[in-house]
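Participant: Dumping the structure here so I can ask a few things about it.
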Amino acid sequence: MNFSDLTSVFELMEKTSQRTSLTMHMAKLYANASREDVGILTYLCQGILVPQSHGIQLGIGDKLAQHALRVVSGNSTREIESLYRKNGDLGITAQMLLSKKTQSTLLSENLTVKKVCDNFYKIATSFGEGSQDTKINLLGELLSNASPIEAKHIIRFVQGSLRLGVGEPTLLDSLSIYHVAKLISKSDEITADGNKIKIAHVSINYELQEKEKSSSGSVLEFSCLGKLGEIAAKKNQTIILPSISQNISFPLLSISEVKSRYSLKIDILEAKRLFRELFDRAFNMRSDLAFVAENVVDGKLSEIEKISPAVFSPIRPALAERLLTPEQIFEKLGKCSVEGKYDGFRLQVHKKGNEVRIFSRKEEPMTHMFPEIVQAVKNDFSAKEAIFEGEAIAMDEKDSRFLPFQVTIQRKRKHGIFEKSSEIPLRLFAFELLFADGVDYTKLPYEKRREKLISLIEKNSRTIRMASRILAKSSNDIQSFFEKCLSEGLEGIIAKDLNSPYVAGARKFAWIKLKKSYGKSVDTFDVVVIGYYLGKGKRTQFDFGGMLTAIYDPKKGTFKSIAKVGTGFSEEEMQSFAKMLEKISTKDKPQNIESDMEPDVWVTPKIVIEVNADEITKSPTHIAGREATGEGLALRFPRMISIRTDKDPKDATTESEILELFELQSQK
Ligand code: ATP
């Protein structure tokens, strides 16, 4: 596929924030892609080159990108900087600079998506002496063959600011639609209202047909031979496709008759739910959408059904729901297992023979950071091949107390790893077994997973221990264990359903957390920084006077404003915030932000911070929860606790969680 074909779709995507539109654009891209481009496309649309777990990031800074632009456009640094300052977007700057050049001097060869990806990969993996020049040359090669529009997206991609708003749920929906459309186009008959109808021709229109259906219909058109019988009179038929075992109800948008052929239009968007569960599971097991997409395009549904955990491919983590009291938890789960909630780093440990790899909650490789844990897994964990999870935390062994997160976090570093590991050794409290020696434990109930996990850990291991737990037979049991955990310095408890499998990648009631009290507020919030204010008074020197933050709406893929956070940081933190945020500042409000409030500077939503607040209140100023409550929701007196480097923006508190927390708070 030519890169220009992809960037023309990027242009369309950029103009819409409607999830259904993005979904149809993606489905069409898959339909038009050659097999070898499917994986690449999937990564490029997510703004990545390979899955997070490979630890490869492009991250080209402004200076380097400007250098490449200078070489290619012939403009001076000053000219480029002044243009950039005016429009605040280096991608647009690149587009403008290259537009000034004539086609003949610039366009020498057509860029393909493969060529672009190859160069990106080389840029990301060139290190050491001379690597800056190599990177500039590789980027320059792409830019000198790029059209202005292509240049815009190349620059945005290498800077990590593609801004398409295509999240994982959108990609999974689009694969489902693509797959159903393919099945239909292969069918030669359908059944509608008991009548078998021969299909003469199928055409799939991936454009949204606003006129046909006021919501967001998109059509698939059949032309059929033979009698349509009664169905011509009815709408919302159950149209059965022989190639799909389930009966799928596709709303019938219209039927018309032309020369004894009938043209049936159905809303293909209805197909998006059909294969989602299957594709979701595959994605949750491997954390790699390109892998899922390639299997879908190959039509290997049976392979997708069989997908099980693979060592060294991180599994997407299970998450916990919230309830307010031990009584509510016991009412929900009945007899359950209650474990301590450790406040450290969530680690997913993969072992094969003598090789151990560790991944973070975000599926990033962390192996090098925890040498003592790697060694302990080699010595004290008896499975030959395994995937298990635990929380790594610093401890004061003398008093058997857990140390606060501020101590554990010091182990997150690039340098001085060995020194710090002897100064602050971590203990890994194992809580879940996902795979061991050929057996997929994610499908087995909690008790089986735990039993096996205990049997694999060396009893006297100093570094790997089982997470403490009780089997609660009443809410009183939960209450007293909760108090015991808090007295030992833990954050709270996590109650676990004894019969539930491991629910990868989802926040479900299989796990319920209860944390120490934050006043009226039920939990802390993980919000995304969407803008910042310039310092006034004492803060002028830091160029930083607080942040505008948002929660995430996964349905729309947007970040909705919820609070202005102005307290909780030290002077040192303010300085580093100012620097960090300046790097991701944008001139205009990014497409995927919804906010009526205007900060002094907008930023690309990238940084997640944990905040505490007195309560959630109704407020007309903010967008979060507005559709559901009529008014927006805001955090009252928000205070920053920490930067959540272990979370991506899409892992931030979601809109439905805020609504749920608001409801829980009113019960408190
Ligand atoms: P929080 O900010 O409260 O840690 P979170 O959003 O990171 O929450 P949740 O799904 O709400 O994640 O809570 C589960 C988290 O609790 C896990 O990600 C893990 O890091 C931590 N944890 C600590 N102890 C346990 C345990 N025994 N079992 C499962 N998770 C645990």
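Following the order of the structure tokens, chains are lettered A, B, ..., residues in each are numbered from 1, and ligands are numbered from 1.
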Could you tell me, counting only C-alpha atoms and all ligand atoms, which protein and nucleic acid residues lie no more than 7 Å from ligand 1, written as a short mmCIF file (atom, residue, chain, number, x, y, z; two decimals) with all heavy atoms, in the first residue's frame?
Facilitator:
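What ended up in out_16.cif:
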data_model
loop_
_atom_site.label_atom_id
_atom_site.label_comp_id
_atom_site.auth_asym_id
_atom_site.auth_seq_id
_atom_site.Cartn_x
_atom_site.Cartn_y
_atom_site.Cartn_z
N ALA A 318 -5.91 -8.10 34.63
CA ALA A 318 -7.27 -8.02 35.20
C ALA A 318 -7.31 -6.82 36.13
O ALA A 318 -6.30 -6.46 36.74
CB ALA A 318 -7.56 -9.29 35.99
N LEU A 319 -8.48 -6.17 36.24
CA LEU A 319 -8.60 -5.00 37.11
C LEU A 319 -9.74 -5.19 38.10
O LEU A 319 -10.63 -6.03 37.89
CB LEU A 319 -8.84 -3.74 36.27
CG LEU A 319 -7.75 -3.41 35.25
CD1 LEU A 319 -8.17 -2.27 34.35
CD2 LEU A 319 -6.43 -3.08 35.95
N ALA A 320 -9.71 -4.37 39.15
CA ALA A 320 -10.68 -4.56 40.23
C ALA A 320 -11.80 -3.54 40.20
O ALA A 320 -11.58 -2.38 39.88
CB ALA A 320 -9.93 -4.45 41.56
N GLU A 321 -13.01 -3.97 40.54
CA GLU A 321 -14.14 -3.06 40.75
C GLU A 321 -14.05 -2.51 42.17
O GLU A 321 -13.21 -2.97 42.97
CB GLU A 321 -15.46 -3.83 40.59
CG GLU A 321 -16.01 -3.80 39.18
CD GLU A 321 -16.51 -2.41 38.77
OE1 GLU A 321 -16.51 -1.50 39.62
OE2 GLU A 321 -16.88 -2.24 37.60
N GLU A 339 -7.47 -10.87 49.76
CA GLU A 339 -6.02 -10.71 49.80
C GLU A 339 -5.66 -9.29 50.19
O GLU A 339 -6.45 -8.36 49.98
CB GLU A 339 -5.44 -11.00 48.40
CG GLU A 339 -5.68 -12.41 47.93
CD GLU A 339 -5.09 -12.67 46.54
OE1 GLU A 339 -4.58 -11.72 45.91
OE2 GLU A 339 -5.16 -13.82 46.10
N GLY A 340 -4.46 -9.13 50.71
CA GLY A 340 -3.98 -7.79 51.01
C GLY A 340 -3.76 -7.03 49.71
O GLY A 340 -3.39 -7.63 48.70
N LYS A 341 -3.99 -5.71 49.71
CA LYS A 341 -3.70 -4.90 48.52
C LYS A 341 -2.37 -4.19 48.74
O LYS A 341 -2.28 -3.24 49.52
CB LYS A 341 -4.83 -3.89 48.25
CG LYS A 341 -4.64 -3.15 46.92
CD LYS A 341 -5.83 -2.27 46.59
CE LYS A 341 -5.83 -1.73 45.16
NZ LYS A 341 -4.65 -1.05 44.73
N TYR A 342 -1.35 -4.68 48.07
CA TYR A 342 0.01 -4.16 48.22
C TYR A 342 0.16 -2.94 47.31
O TYR A 342 -0.30 -2.96 46.17
CB TYR A 342 1.02 -5.24 47.82
CG TYR A 342 0.89 -6.48 48.68
CD1 TYR A 342 -0.09 -7.44 48.41
CD2 TYR A 342 1.72 -6.67 49.78
CE1 TYR A 342 -0.23 -8.56 49.21
CE2 TYR A 342 1.58 -7.79 50.58
CZ TYR A 342 0.60 -8.73 50.30
OH TYR A 342 0.46 -9.83 51.09
N ASP A 343 0.82 -1.91 47.80
CA ASP A 343 0.98 -0.70 47.00
C ASP A 343 2.41 -0.60 46.49
O ASP A 343 3.27 0.04 47.09
CB ASP A 343 0.64 0.52 47.87
CG ASP A 343 0.47 1.77 47.02
OD1 ASP A 343 0.43 1.65 45.78
OD2 ASP A 343 0.37 2.87 47.60
N GLY A 344 2.65 -1.29 45.38
CA GLY A 344 4.00 -1.27 44.82
C GLY A 344 3.92 -1.28 43.31
O GLY A 344 3.10 -0.57 42.74
N PHE A 345 4.77 -2.10 42.66
CA PHE A 345 4.70 -2.23 41.19
C PHE A 345 4.02 -3.54 40.87
O PHE A 345 4.43 -4.60 41.36
CB PHE A 345 6.11 -2.34 40.59
CG PHE A 345 7.00 -1.18 40.86
CD1 PHE A 345 8.25 -1.37 41.43
CD2 PHE A 345 6.62 0.11 40.51
CE1 PHE A 345 9.10 -0.31 41.67
CE2 PHE A 345 7.46 1.18 40.74
CZ PHE A 345 8.71 0.97 41.33
N ARG A 346 3.01 -3.46 40.00
CA ARG A 346 2.42 -4.72 39.54
C ARG A 346 3.34 -5.31 38.48
O ARG A 346 3.65 -4.65 37.48
CB ARG A 346 1.05 -4.46 38.93
CG ARG A 346 0.40 -5.74 38.42
CD ARG A 346 -0.97 -5.45 37.90
NE ARG A 346 -1.70 -6.66 37.62
CZ ARG A 346 -3.01 -6.71 37.50
NH1 ARG A 346 -3.73 -5.64 37.65
NH2 ARG A 346 -3.62 -7.84 37.24
N ARG A 361 2.59 -3.09 34.35
CA ARG A 361 1.14 -3.07 34.15
C ARG A 361 0.80 -2.60 32.74
O ARG A 361 -0.22 -2.96 32.18
CB ARG A 361 0.56 -2.09 35.19
CG ARG A 361 -0.91 -2.05 35.33
CD ARG A 361 -1.24 -0.89 36.26
NE ARG A 361 -2.63 -0.83 36.62
CZ ARG A 361 -3.59 -0.44 35.79
NH1 ARG A 361 -3.30 -0.08 34.56
NH2 ARG A 361 -4.84 -0.42 36.21
N GLU A 391 2.85 -8.25 43.18
CA GLU A 391 3.14 -6.84 43.43
C GLU A 391 4.50 -6.79 44.13
O GLU A 391 4.71 -7.48 45.14
CB GLU A 391 2.03 -6.25 44.31
CG GLU A 391 2.04 -4.76 44.42
CD GLU A 391 1.22 -4.03 43.33
OE1 GLU A 391 0.68 -4.67 42.41
OE2 GLU A 391 1.15 -2.79 43.41
N PHE A 431 0.26 -13.12 43.37
CA PHE A 431 -1.18 -13.29 43.60
C PHE A 431 -1.94 -14.01 42.49
O PHE A 431 -3.07 -14.41 42.70
CB PHE A 431 -1.87 -11.96 43.95
CG PHE A 431 -1.63 -10.81 43.00
CD1 PHE A 431 -2.20 -10.79 41.75
CD2 PHE A 431 -0.85 -9.72 43.41
CE1 PHE A 431 -1.99 -9.72 40.89
CE2 PHE A 431 -0.64 -8.64 42.55
CZ PHE A 431 -1.21 -8.65 41.28
N ALA A 467 0.89 -13.66 48.30
CA ALA A 467 0.13 -12.57 48.90
C ALA A 467 -0.71 -13.17 50.02
O ALA A 467 -1.28 -14.25 49.86
CB ALA A 467 -0.79 -11.95 47.84
N ILE A 494 -8.16 -6.76 48.46
CA ILE A 494 -8.84 -7.10 47.21
C ILE A 494 -9.56 -8.43 47.46
O ILE A 494 -8.92 -9.44 47.79
CB ILE A 494 -7.87 -7.26 46.04
CG1 ILE A 494 -7.14 -5.94 45.80
CG2 ILE A 494 -8.61 -7.70 44.79
CD1 ILE A 494 -6.68 -5.69 44.41
N ARG A 507 -12.18 -4.66 33.91
CA ARG A 507 -12.49 -4.34 35.31
C ARG A 507 -13.82 -5.00 35.62
O ARG A 507 -14.86 -4.56 35.17
CB ARG A 507 -12.57 -2.81 35.48
CG ARG A 507 -12.55 -2.34 36.91
CD ARG A 507 -12.58 -0.82 36.99
NE ARG A 507 -11.37 -0.17 36.53
CZ ARG A 507 -10.24 -0.06 37.24
NH1 ARG A 507 -10.18 -0.57 38.46
NH2 ARG A 507 -9.20 0.55 36.75
N LYS A 513 -12.01 -4.14 45.08
CA LYS A 513 -11.05 -3.54 46.02
C LYS A 513 -11.76 -2.67 47.05
O LYS A 513 -12.81 -2.09 46.79
CB LYS A 513 -9.99 -2.73 45.26
CG LYS A 513 -10.51 -1.54 44.48
CD LYS A 513 -9.33 -0.79 43.85
CE LYS A 513 -9.80 0.16 42.78
NZ LYS A 513 -8.76 0.94 42.14
N THR A 524 -9.06 7.06 45.03
CA THR A 524 -8.31 8.12 44.36
C THR A 524 -8.65 8.06 42.87
O THR A 524 -9.30 7.11 42.43
CB THR A 524 -6.80 7.93 44.56
OG1 THR A 524 -6.48 6.61 44.12
CG2 THR A 524 -6.41 8.12 46.01
#
Participant: Among stretch 469-639 of chain A, which ones does DSSP place in strand (DSSP E), written as a VMD selection string?
Facilitator: chain A and resid 469 to 472 492 to 496 507 to 515 525 to 532 547 to 553 558 to 565 585 to 586 593 to 594 601 to 603 608 to 612 615 to 619 632 to 636 639
Participant: Applying 9 Å and only C-alpha atoms, which residues near stretch 303-316 of chain A remain after dropping the ones on its own chain fewer than 2 positions away? List them as a ChimeraX atom specification.
Facilitator: /A:53,278-279,281-288,292,295-296,299-301,318,348-352,356-364,385-387,434-435,440-442,504-506
Participant: Compile the contact shell of A:Gly492 as a list in words: residues with an atom at most 7 Å away, counting only C-alpha atoms, same-chain residues fewer than 4 positions apart removed.
Facilitator: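 What passes the distance filter is Gly340, Lys341, Phe482, Cys485, Leu486, Leu514, Lys515 and Lys516 of chain A.
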Participant: Taking only C-alpha atoms into account, name the residue in A:Ile609, A:Ile149, A:Leu635, A:Leu471 that is nearest to A:Ser337.
Facilitator: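 Among the listed residues, A:Leu471 lies closest to A:Ser337.
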Participant: For stretch 370-374 of chain A, list every protein, DNA or RNA residue within 9 Å, evaluated using only C-alpha atoms, and leave out those in the same chain fewer than 6 positions away; present the list as a tab-separated table (two decimals) with C-alpha atoms, in the first residue's frame.
Facilitator:
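Output (result08.tsv):
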chain	number	residue	atom	x	y	z
A	349	VAL	CA	6.69	-12.44	35.37
A	355	GLU	CA	15.20	-17.01	30.95
A	356	VAL	CA	13.05	-14.61	32.93
A	357	ARG	CA	11.34	-11.47	31.63
A	358	ILE	CA	9.29	-9.02	33.64
A	392	ALA	CA	6.75	-5.89	44.17
A	411	ARG	CA	13.60	1.36	42.28
A	412	LYS	CA	12.23	2.69	39.00
A	417	ILE	CA	20.21	-0.38	39.57
A	418	PHE	CA	22.41	-2.83	41.48
A	421	SER	CA	18.60	-3.12	44.71
A	422	SER	CA	20.80	-3.83	47.73
A	425	PRO	CA	15.47	-4.85	47.99
A	426	LEU	CA	11.96	-5.64	46.82
A	427	ARG	CA	9.78	-8.59	47.78
A	428	LEU	CA	7.38	-9.96	45.20
A	463	THR	CA	12.08	-12.64	47.72
A	464	ILE	CA	8.99	-14.37	46.31
Participant: Using only C-alpha atoms, find each residue of stretch 495-571 of chain A with at least one atom at most 8 Å away from an atom of stretch 167-189 of chain A; report its shortest atom-to-atom pair and that distance in Å (one decimal), sort the rows by chain and rising residue number, and return the result as a Markdown table.
Facilitator:
| residue | atom | partner | partner_atom | distance |
| --- | --- | --- | --- | --- |
| A:Pro554 | CA | A:Pro169 | CA | 7.7 |
| A:Lys555 | CA | A:Pro169 | CA | 7.9 |
| A:Gly557 | CA | A:Gly167 | CA | 6.4 |
Participant: Can you list, as an MDAnalysis selection string, every protein, DNA or RNA residue that comes within 8 Å of A:Asp553 when you count only C-alpha atoms, leaving out same-chain residues fewer than 5 positions away?
Facilitator: chainID A and resid 558:560 654:656
Participant: Which one of A:Met547, A:Ala27, A:Ile643, A:Ile155 sits closest to A:Val608 if you count only C-alpha atoms?
Facilitator: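 Ranking A:Met547, A:Ala27, A:Ile643, A:Ile155 by distance to A:Val608, first place goes to A:Ile643.
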Participant: Given the choices A:Leu548, A:Val503, A:Leu83, A:Ile641, which gets closest to A:Phe569 if the distance is worked out from only C-alpha atoms?
Facilitator: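 Under the stated criterion, the closest residue is A:Ile641.
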Participant: Identify which of the residues A:Asn379, A:Ile584, A:Ile60, A:Arg450 lies closest to A:Tyr502, counting only C-alpha atoms when measuring atom-to-atom distances.
Facilitator: A:Arg450
Participant: Measure the distance from atom CA of A:Asn612 to atom CA of A:Arg639 in Å and round it to one decimal.
Facilitator: 5.3 Å
Participant: Can you work out which one of A:Ala436, A:Val338, A:Ile493, A:Ile424 has the shortest atom-to-atom distance to A:Phe381, counting only C-alpha atoms?
Facilitator: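 Distance minimum relative to A:Phe381 lands on A:Ala436.
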Participant: Could you tell me how far atom CA of A:Ser144 sits from atom CA of A:Leu111, in Å to one decimal place?
Facilitator: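 These two atoms are separated by 10.1 Å.
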Participant: Using the chain letters and numbers from this document, which residues of stretch 446-484 of chain A does DSSP assign to helix (DSSP H, G or I), as a CSV table (one decimal) with C-alpha atoms, in the first residue's frame?
Facilitator:
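Just written: result.csv:
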chain,number,residue,atom,x,y,z
A,446,TYR,CA,-9.3,-18.8,41.4
A,447,GLU,CA,-8.8,-21.6,44.0
A,448,LYS,CA,-7.1,-23.8,41.4
A,449,ARG,CA,-4.9,-21.0,40.2
A,450,ARG,CA,-3.9,-20.2,43.8
A,451,GLU,CA,-3.3,-23.8,44.8
A,452,LYS,CA,-0.9,-24.4,41.9
A,453,LEU,CA,0.8,-21.0,42.5
A,454,ILE,CA,1.6,-22.0,46.1
A,455,SER,CA,3.0,-25.3,44.9
A,456,LEU,CA,5.4,-23.6,42.5
A,475,SER,CA,-18.5,-9.6,56.3
A,476,ASN,CA,-17.0,-9.5,59.8
A,477,ASP,CA,-14.1,-11.7,58.5
A,478,ILE,CA,-13.5,-9.1,55.7
A,479,GLN,CA,-13.7,-6.2,58.1
A,480,SER,CA,-11.1,-7.6,60.5
A,481,PHE,CA,-8.7,-8.6,57.7
A,482,PHE,CA,-9.1,-5.1,56.2
A,483,GLU,CA,-8.1,-3.6,59.5
A,484,LYS,CA,-5.1,-6.0,59.9
